[in-house]
$ cat work33.cif   # mmCIF, C-alpha atoms
data_my_file
loop_
_atom_site.label_atom_id
_atom_site.label_comp_id
_atom_site.auth_asym_id
_atom_site.auth_seq_id
_atom_site.Cartn_x
_atom_site.Cartn_y
_atom_site.Cartn_z
CA THR A 1 -13.87 1.09 -12.25
CA GLY A 2 -12.10 -1.93 -13.78
CA THR A 3 -12.27 -4.58 -16.42
CA GLY A 4 -16.06 -4.90 -16.48
CA ALA A 5 -15.80 -8.10 -14.43
CA TYR A 6 -14.24 -6.50 -11.35
CA ILE A 7 -15.28 -3.54 -9.27
CA TYR A 8 -12.60 -1.97 -7.06
CA GLN A 9 -13.77 -0.53 -3.76
CA ALA A 10 -11.69 1.73 -1.52
CA THR A 11 -12.69 1.83 2.15
CA TYR A 12 -11.95 3.63 5.38
CA ASN A 13 -12.39 2.86 9.06
CA SER A 14 -12.93 5.97 11.18
CA GLY A 15 -12.31 3.92 14.34
CA GLY A 16 -8.62 3.64 13.57
CA TRP A 17 -8.29 5.71 10.38
CA THR A 18 -7.13 2.70 8.40
CA GLY A 19 -8.18 1.78 4.88
CA ASP A 20 -8.21 -0.89 2.23
CA LEU A 21 -8.66 -1.54 -1.48
CA GLN A 22 -10.74 -4.57 -2.42
CA ALA A 23 -11.57 -6.26 -5.72
CA PHE A 24 -15.06 -7.76 -6.05
CA VAL A 25 -16.13 -10.00 -8.92
CA ILE A 26 -19.18 -9.01 -10.98
CA ASP A 27 -20.91 -11.96 -12.62
CA GLN A 28 -22.72 -12.07 -15.98
CA ASN A 29 -25.96 -10.96 -14.30
CA GLY A 30 -24.39 -7.87 -12.78
CA SER A 31 -24.37 -9.30 -9.25
CA ILE A 32 -21.41 -8.32 -7.07
CA GLY A 33 -19.71 -11.01 -4.99
CA ALA A 34 -20.29 -10.93 -1.24
CA THR A 35 -16.60 -11.27 -0.42
CA PRO A 36 -13.62 -9.68 -2.19
CA ASP A 37 -11.41 -11.75 -4.48
CA TRP A 38 -8.48 -9.88 -2.97
CA SER A 39 -7.83 -7.16 -0.40
CA ALA A 40 -4.73 -4.99 -0.47
CA SER A 41 -4.58 -5.01 3.33
CA HIS A 42 -4.07 -8.79 3.22
CA MET A 43 -1.25 -8.46 0.72
CA LEU A 44 0.86 -5.64 2.16
CA PRO A 45 4.52 -6.72 2.39
CA ASN A 46 6.76 -6.45 5.42
CA PRO A 47 7.36 -2.70 6.06
CA SER A 48 11.07 -2.99 5.26
CA ALA A 49 10.26 -4.81 2.00
CA ARG A 50 7.82 -2.17 0.70
CA ASN A 51 8.86 -0.10 -2.29
CA VAL A 52 8.05 3.44 -1.11
CA LEU A 53 9.38 6.32 -3.21
CA SER A 54 9.60 10.10 -3.03
CA PHE A 55 11.53 13.04 -4.51
CA ASN A 56 14.64 14.94 -3.37
CA ARG A 57 14.66 18.53 -4.62
CA THR A 58 18.36 19.06 -3.85
CA THR A 59 19.44 16.24 -6.16
CA ASN A 60 16.36 16.81 -8.37
CA ALA A 61 15.83 13.05 -8.51
CA GLY A 62 13.57 10.33 -7.23
CA MET A 63 14.60 8.41 -4.14
CA SER A 64 13.56 5.66 -1.77
CA PHE A 65 11.42 6.85 1.12
CA ALA A 66 13.57 4.88 3.52
CA LEU A 67 16.47 5.23 5.91
CA ASP A 68 19.95 5.20 4.43
CA SER A 69 22.36 2.30 4.95
CA GLY A 70 23.49 3.85 8.24
CA GLY A 71 19.95 4.23 9.57
CA GLY A 72 19.86 7.99 8.95
CA LEU A 73 17.97 10.53 6.85
CA SER A 74 20.57 11.33 4.17
CA ASN A 75 18.18 10.15 1.42
CA PHE A 76 16.03 13.21 2.18
CA ASP A 77 16.80 16.85 1.43
CA SER A 78 17.19 19.37 4.28
CA TYR A 79 13.59 20.59 3.98
CA GLU A 80 12.24 17.04 4.24
CA GLN A 81 14.57 16.19 7.13
CA GLY A 82 13.38 19.24 9.07
CA LEU A 83 9.73 18.30 8.68
CA LEU A 84 10.32 14.63 9.49
CA ASN A 85 11.93 15.68 12.77
CA MET A 86 8.86 17.73 13.84
CA ASN A 87 5.58 16.66 15.39
CA ASP A 88 2.25 17.95 14.13
CA LEU A 89 2.53 21.04 16.37
CA GLY A 90 5.77 22.08 14.69
CA VAL A 91 7.89 21.12 17.71
CA VAL A 92 11.24 19.51 16.92
CA ASP A 93 11.33 16.03 18.49
CA THR A 94 14.17 14.43 16.43
CA PHE A 95 12.00 11.34 15.81
CA GLY A 96 12.57 11.60 12.06
CA THR A 97 14.00 8.12 11.58
CA ASP A 98 11.16 6.55 13.58
CA ARG A 99 8.65 8.62 11.61
CA VAL A 100 10.01 7.26 8.32
CA THR A 101 9.69 3.64 9.45
CA TYR A 102 6.22 4.34 10.89
CA ILE A 103 5.05 5.67 7.51
CA GLN A 104 6.56 2.56 5.89
CA GLY A 105 4.29 0.52 8.18
CA ASP A 106 6.44 -0.29 11.22
CA MET A 107 4.21 -0.52 14.31
CA SER A 108 6.85 -0.69 17.04
CA HIS A 109 6.35 2.93 18.21
CA GLU A 110 2.56 2.71 18.50
CA ALA A 111 0.70 2.80 21.80
CA TYR A 112 -0.95 -0.59 21.23
CA LEU A 113 0.06 -3.55 19.13
CA PRO A 114 -1.96 -6.30 17.43
CA SER A 115 -0.98 -9.89 17.91
CA THR A 116 -1.20 -12.43 15.09
CA ALA A 117 -4.74 -13.21 16.30
CA GLY A 118 -5.73 -9.55 16.16
CA ALA A 119 -6.03 -8.93 19.91
CA ALA A 120 -4.74 -5.52 21.00
CA SER A 121 -2.22 -5.29 23.83
CA SER A 122 -0.23 -2.43 25.35
CA ASN A 123 3.13 -1.88 23.72
CA THR A 124 5.72 -2.75 26.37
CA GLN A 125 8.58 -1.71 24.10
CA LEU A 126 9.97 1.82 24.23
CA ASN A 127 7.55 3.78 22.04
CA HIS A 128 6.17 7.23 21.23
CA GLY A 129 2.52 6.46 21.91
CA TRP A 130 1.64 7.02 18.27
CA ARG A 131 -1.70 6.08 16.71
CA SER A 132 -2.24 2.34 16.67
CA ARG A 133 -3.19 0.86 13.34
CA LEU A 134 -5.06 -2.13 14.73
CA ALA A 135 -6.55 -4.77 12.46
CA VAL A 136 -8.28 -8.12 12.67
CA GLY A 137 -5.17 -10.20 12.20
CA SER A 138 -1.70 -9.15 11.19
CA ALA A 139 0.98 -10.50 8.91
CA CYS A 140 3.49 -9.42 11.58
CA ASN A 141 3.77 -10.73 15.13
CA TYR A 142 4.41 -7.71 17.35
CA SER A 143 3.74 -9.61 20.57
CA VAL A 144 7.34 -10.83 20.75
CA VAL A 145 10.63 -8.95 20.94
CA PRO A 146 12.17 -8.72 18.45
CA TYR A 147 8.98 -8.82 16.40
CA THR A 148 8.77 -10.94 13.26
CA CYS A 149 7.25 -10.16 9.88
CA PRO A 150 7.10 -12.31 6.75
CA THR A 151 8.91 -10.90 3.73
CA LEU A 152 5.85 -11.51 1.57
CA ALA A 153 2.23 -11.45 2.58
CA SER A 154 -0.31 -14.00 1.39
CA TYR A 155 -4.04 -14.33 0.85
CA SER A 156 -4.34 -16.31 4.08
CA SER A 157 -2.28 -14.09 6.41
CA GLY A 158 -5.11 -11.77 7.43
CA PRO A 159 -5.38 -8.01 7.00
CA THR A 160 -2.88 -5.52 8.33
CA GLY A 161 -3.76 -2.00 9.42
CA GLN A 162 -0.91 0.02 7.92
CA LEU A 163 -2.84 1.29 4.90
CA GLY A 164 -4.33 4.74 5.42
CA ASP A 165 -8.01 5.50 5.07
CA VAL A 166 -9.13 6.34 1.54
CA VAL A 167 -11.34 9.44 1.37
CA TYR A 168 -11.91 11.63 -1.72
CA SER A 169 -9.81 9.34 -3.90
CA ASN A 170 -11.32 6.96 -6.44
CA PRO A 171 -9.46 3.81 -7.53
CA LEU A 172 -8.17 4.07 -11.09
CA TYR A 173 -7.66 0.88 -13.13
CA VAL A 174 -4.93 1.09 -15.79
CA GLY A 175 -4.43 -1.85 -18.16
CA ALA A 176 -3.22 -2.21 -21.71
CA PRO A 177 -3.78 1.00 -23.72
CA SER A 178 -6.59 1.08 -26.25
CA SER A 179 -5.53 0.90 -29.90
CA SER A 180 -8.75 2.43 -31.22
CA LEU A 181 -7.34 5.93 -31.74
CA ALA A 182 -6.34 6.77 -35.30
CA ASP A 183 -3.12 8.64 -34.41
CA ALA A 184 -0.16 6.63 -35.75
CA SER A 185 2.21 7.49 -32.89
CA TYR A 186 -0.39 6.44 -30.33
CA LYS A 187 -1.05 3.18 -32.16
CA LEU A 188 2.69 2.46 -31.92
CA PHE A 189 2.60 3.28 -28.20
CA ALA A 190 -0.38 0.94 -27.72
CA LEU A 191 1.37 -1.84 -29.63
CA ASN A 192 4.55 -1.48 -27.56
CA ASN A 193 2.56 -1.58 -24.32
CA ALA A 194 -0.02 -4.23 -25.21
CA SER A 195 1.32 -6.54 -22.51
CA ARG A 196 1.40 -3.84 -19.80
CA SER A 197 0.48 -5.39 -16.48
CA PRO A 198 -2.85 -4.13 -15.05
CA MET A 199 -2.60 -1.84 -12.02
CA VAL A 200 -4.97 0.01 -9.71
CA TYR A 201 -3.93 3.41 -8.34
CA VAL A 202 -5.47 5.16 -5.34
CA GLY A 203 -4.43 7.83 -2.85
CA GLY A 204 -4.57 7.24 0.89
CA ASN A 205 -4.48 9.46 3.94
CA ASP A 206 -1.16 7.87 4.89
CA GLY A 207 0.55 10.43 2.66
CA MET A 208 0.92 8.12 -0.33
CA LEU A 209 -0.30 7.32 -3.78
CA HIS A 210 -0.51 3.52 -3.87
CA ALA A 211 -0.05 1.30 -6.92
CA TYR A 212 -1.49 -2.24 -6.64
CA LYS A 213 -1.03 -5.23 -8.92
CA ALA A 214 -4.34 -6.08 -10.64
CA SER A 215 -3.46 -9.20 -12.64
CA TYR A 216 -6.24 -11.71 -13.23
CA TYR A 217 -7.21 -14.79 -15.22
CA ILE A 218 -10.60 -15.93 -16.51
CA THR A 219 -11.97 -19.07 -14.90
CA SER A 220 -13.91 -21.83 -16.66
CA THR A 221 -17.13 -20.06 -15.61
CA GLY A 222 -16.06 -16.88 -17.37
CA LEU A 223 -15.33 -14.91 -14.19
CA PRO A 224 -12.03 -13.30 -13.20
CA ALA A 225 -9.83 -14.51 -10.35
CA HIS A 226 -6.56 -13.34 -8.84
CA CYS A 227 -3.15 -14.36 -10.16
CA PRO A 228 -1.39 -16.51 -9.28
CA LYS A 229 -4.11 -19.10 -8.79
CA THR A 230 -3.95 -20.36 -5.22
CA SER A 231 -5.25 -23.16 -3.07
CA GLY A 232 -5.25 -22.60 0.68
CA GLY A 233 -3.12 -19.52 0.16
CA THR A 234 -0.43 -21.42 -1.78
CA PRO A 235 0.16 -21.03 -5.55
CA VAL A 236 -0.81 -24.12 -7.54
CA THR A 237 0.97 -25.81 -10.43
CA PRO A 238 0.45 -25.35 -13.31
CA GLN A 239 -0.69 -21.74 -13.39
CA PRO A 240 -3.42 -20.61 -15.84
CA VAL A 241 -1.91 -19.61 -19.17
CA THR A 242 -4.58 -16.93 -19.53
CA CYS A 243 -3.29 -14.71 -16.72
CA VAL A 244 -3.45 -11.06 -17.78
CA GLY A 245 -0.38 -9.38 -16.30
CA SER A 246 2.71 -10.57 -14.50
CA THR A 247 2.42 -13.26 -11.82
CA THR A 248 5.71 -12.24 -10.18
CA LEU A 249 3.68 -10.39 -7.56
CA PRO A 250 0.24 -11.65 -6.51
CA SER A 251 -2.86 -9.62 -7.35
CA GLY A 252 -3.51 -6.99 -4.69
CA THR A 253 0.15 -6.59 -3.75
CA GLU A 254 1.40 -3.02 -3.43
CA VAL A 255 3.94 -2.50 -6.24
CA PHE A 256 4.94 0.89 -4.93
CA GLY A 257 3.85 3.80 -2.80
CA TYR A 258 4.76 7.40 -3.65
CA VAL A 259 5.04 10.19 -1.06
CA PRO A 260 4.60 13.55 -2.87
CA TYR A 261 6.76 16.49 -1.82
CA ALA A 262 3.67 18.51 -0.91
CA THR A 263 2.59 16.01 1.78
CA TYR A 264 5.69 16.36 3.99
CA PRO A 265 4.30 19.23 6.13
CA LYS A 266 1.40 16.98 7.17
CA LEU A 267 3.08 13.56 7.44
CA SER A 268 3.41 13.83 11.22
CA ARG A 269 -0.38 14.11 11.50
CA SER A 270 -0.67 10.45 10.50
CA GLU A 271 0.55 9.35 13.93
CA GLU A 272 -2.07 11.38 15.83
CA HIS A 273 -4.95 9.51 17.46
CA THR A 274 -7.79 11.68 16.13
#
$ encode --input "work33.cif" --output "structure tokens"
Amino acid sequence: TGTGAYIYQATYNSGGWTGDLQAFVIDQNGSIGATPDWSASHMLPNPSARNVLSFNRTTNAGMSFALDSGGGLSNFDSYEQGLLNMNDLGVVDTFGTDRVTYIQGDMSHEAYLPSTAGAASSNTQLNHGWRSRLAVGSACNYSVVPYTCPTLASYSSGPTGQLGDVVYSNPLYVGAPSSSLADASYKLFALNNASRSPMVYVGGNDGMLHAYKASYYITSTGLPAHCPKTSGGTPVTPQPVTCVGSTTLPSGTEVFGYVPYATYPKLSRSEEHT
């Protein structure tokens, strides 16, 4: 999957049921790089800064999968609210607001928490004992109260564990549309979208379809690299003029996640330990 110079690999870890999407460079000889050029788990934003979307059937409109301004569930229709307030056994526990923030990536109600160095420790905060999404390193420091998270992740922050495992879903690269079809209306569509920013889409067992930024530029050796160009995790100046796609968000950053209506009955299973 990809541009012909990248291969995108989705992964899962059965030890904690976490996942990742990684981009590996393929050189001119067909050899695949030993380490990924980017990993989505390194680039996941602060849970409250993620753009997670869903659908409200009462209003018949899209919505943010997030708490409302008062910290409640009014963004969701009554069917969704009922399911969010149930555990996986169908028992009402009224933890709906905590369940929403957990699905967004908040780790404060998990049984164990990672520190910035990746060491697991018991969660001394009031919590629900939910499944711990441990990882080797974390962009958030949950070892202090109140915990701190950066607004934006970086290539040097280390992976987080909030992405669900990817099983039975293949990454799909979508770039500029091809203009080779003869249909006039499609040629116009291709022309109007020639500068469409590359994306990679994949479904995860965290109840979401994920959309990741897949911008790249071609180096002097003819190989692709992530945009923006960085040094020590910090963007350099000037940036390559050959970057394909927007550099507003770094390559590998989640642009949005989408929670389909059909997944609500099983969302509470994501917090279970097995």
$ resolve_selection --input "work33.cif" --expression "the PyMOL selection byres ((chain A and resi 21-33) around 9)" --output "list in words"
Gly4, Ala5, Tyr6, Ile7, Tyr8, Gln9, Ala10, Thr11, Gly19, Asp20, Ala34, Thr35, Pro36, Asp37, Trp38, Ser39, Ala40, Ser41, Val166, Pro171, Val202, Tyr212, Ala214, Gly222, Leu223, Pro224, Ala225 and Gly252 of chain A
$ atom_distance --input "work33.cif" --atom1 "atom CA of Leu53 of chain A" --atom2 "atom CA of Tyr79 of chain A"
16.5 Å
$ atom_distance --input "work33.cif" --atom1 "atom CA of Gly161 of chain A" --atom2 "atom CA of Gly257 of chain A"
15.5 Å
$ resolve_selection --input "work33.cif" --expression "the PyMOL selection byres ((chain A and resi 130) around 7)" --output "ChimeraX atom specification"
/A:109-111,128-129,131-132,271-272
$ resolve_selection --input "work33.cif" --expression "the PyMOL selection byres ((chain A and resi 213) around 9)" --output "mmCIF file with C-alpha atoms, in the coordinates of the input"
data_model
loop_
_atom_site.group_PDB
_atom_site.id
_atom_site.type_symbol
_atom_site.label_atom_id
_atom_site.label_comp_id
_atom_site.auth_asym_id
_atom_site.auth_seq_id
_atom_site.Cartn_x
_atom_site.Cartn_y
_atom_site.Cartn_z
ATOM 1 C CA SER A 197 0.480 -5.390 -16.480
ATOM 2 C CA PRO A 198 -2.850 -4.130 -15.050
ATOM 3 C CA MET A 199 -2.600 -1.840 -12.020
ATOM 4 C CA VAL A 200 -4.970 0.010 -9.710
ATOM 5 C CA ALA A 211 -0.050 1.300 -6.920
ATOM 6 C CA TYR A 212 -1.490 -2.240 -6.640
ATOM 7 C CA ALA A 214 -4.340 -6.080 -10.640
ATOM 8 C CA SER A 215 -3.460 -9.200 -12.640
ATOM 9 C CA GLY A 245 -0.380 -9.380 -16.300
ATOM 10 C CA SER A 246 2.710 -10.570 -14.500
ATOM 11 C CA LEU A 249 3.680 -10.390 -7.560
ATOM 12 C CA PRO A 250 0.240 -11.650 -6.510
ATOM 13 C CA SER A 251 -2.860 -9.620 -7.350
ATOM 14 C CA GLY A 252 -3.510 -6.990 -4.690
ATOM 15 C CA THR A 253 0.150 -6.590 -3.750
ATOM 16 C CA GLU A 254 1.400 -3.020 -3.430
ATOM 17 C CA VAL A 255 3.940 -2.500 -6.240
#
$ axis_aligned_box --input "work33.cif" --around "segment 56-72 of chain A" --padding-each-side "3 Å" --output "AutoDock Vina command-line options"
--center_x 17.5 --center_y 10.7 --center_z 0.5 --size_x 18.1 --size_y 22.8 --size_z 24.1
$ atom_distance --input "work33.cif" --atom1 "atom CA of Asn127 of chain A" --atom2 "atom CA of Met208 of chain A"
23.7 Å
$ closest_residue --input "work33.cif" --among "A:Ala194, A:Ser180, A:Gln162, A:Tyr216" --to "Met43 of chain A" --atoms "only C-alpha atoms"
A:Gln162
$ residues_near_point --input "work33.cif" --point "(-0.9, 16.9, 12.8)" --cutoff "8 Å" --atoms "all atoms listed in the file" --output "PDB file with C-alpha atoms, keeping the file's coordinate frame"
ATOM      1  CA  ASN A  87       5.580  16.660  15.390  1.00  0.00           C
ATOM      2  CA  ASP A  88       2.250  17.950  14.130  1.00  0.00           C
ATOM      3  CA  LEU A  89       2.530  21.040  16.370  1.00  0.00           C
ATOM      4  CA  LYS A 266       1.400  16.980   7.170  1.00  0.00           C
ATOM      5  CA  LEU A 267       3.080  13.560   7.440  1.00  0.00           C
ATOM      6  CA  SER A 268       3.410  13.830  11.220  1.00  0.00           C
ATOM      7  CA  ARG A 269      -0.380  14.110  11.500  1.00  0.00           C
ATOM      8  CA  SER A 270      -0.670  10.450  10.500  1.00  0.00           C
ATOM      9  CA  GLU A 271       0.550   9.350  13.930  1.00  0.00           C
ATOM     10  CA  GLU A 272      -2.070  11.380  15.830  1.00  0.00           C
TER      11      GLU A 272
END
$ residues_around --input "work33.cif" --residues "Leu209 of chain A" --least-positions-apart "3" --cutoff "10 Å" --atoms "all atoms listed in the file" --output "PyMOL selection string"
chain A and resi 52-53+169+201-206+256-260
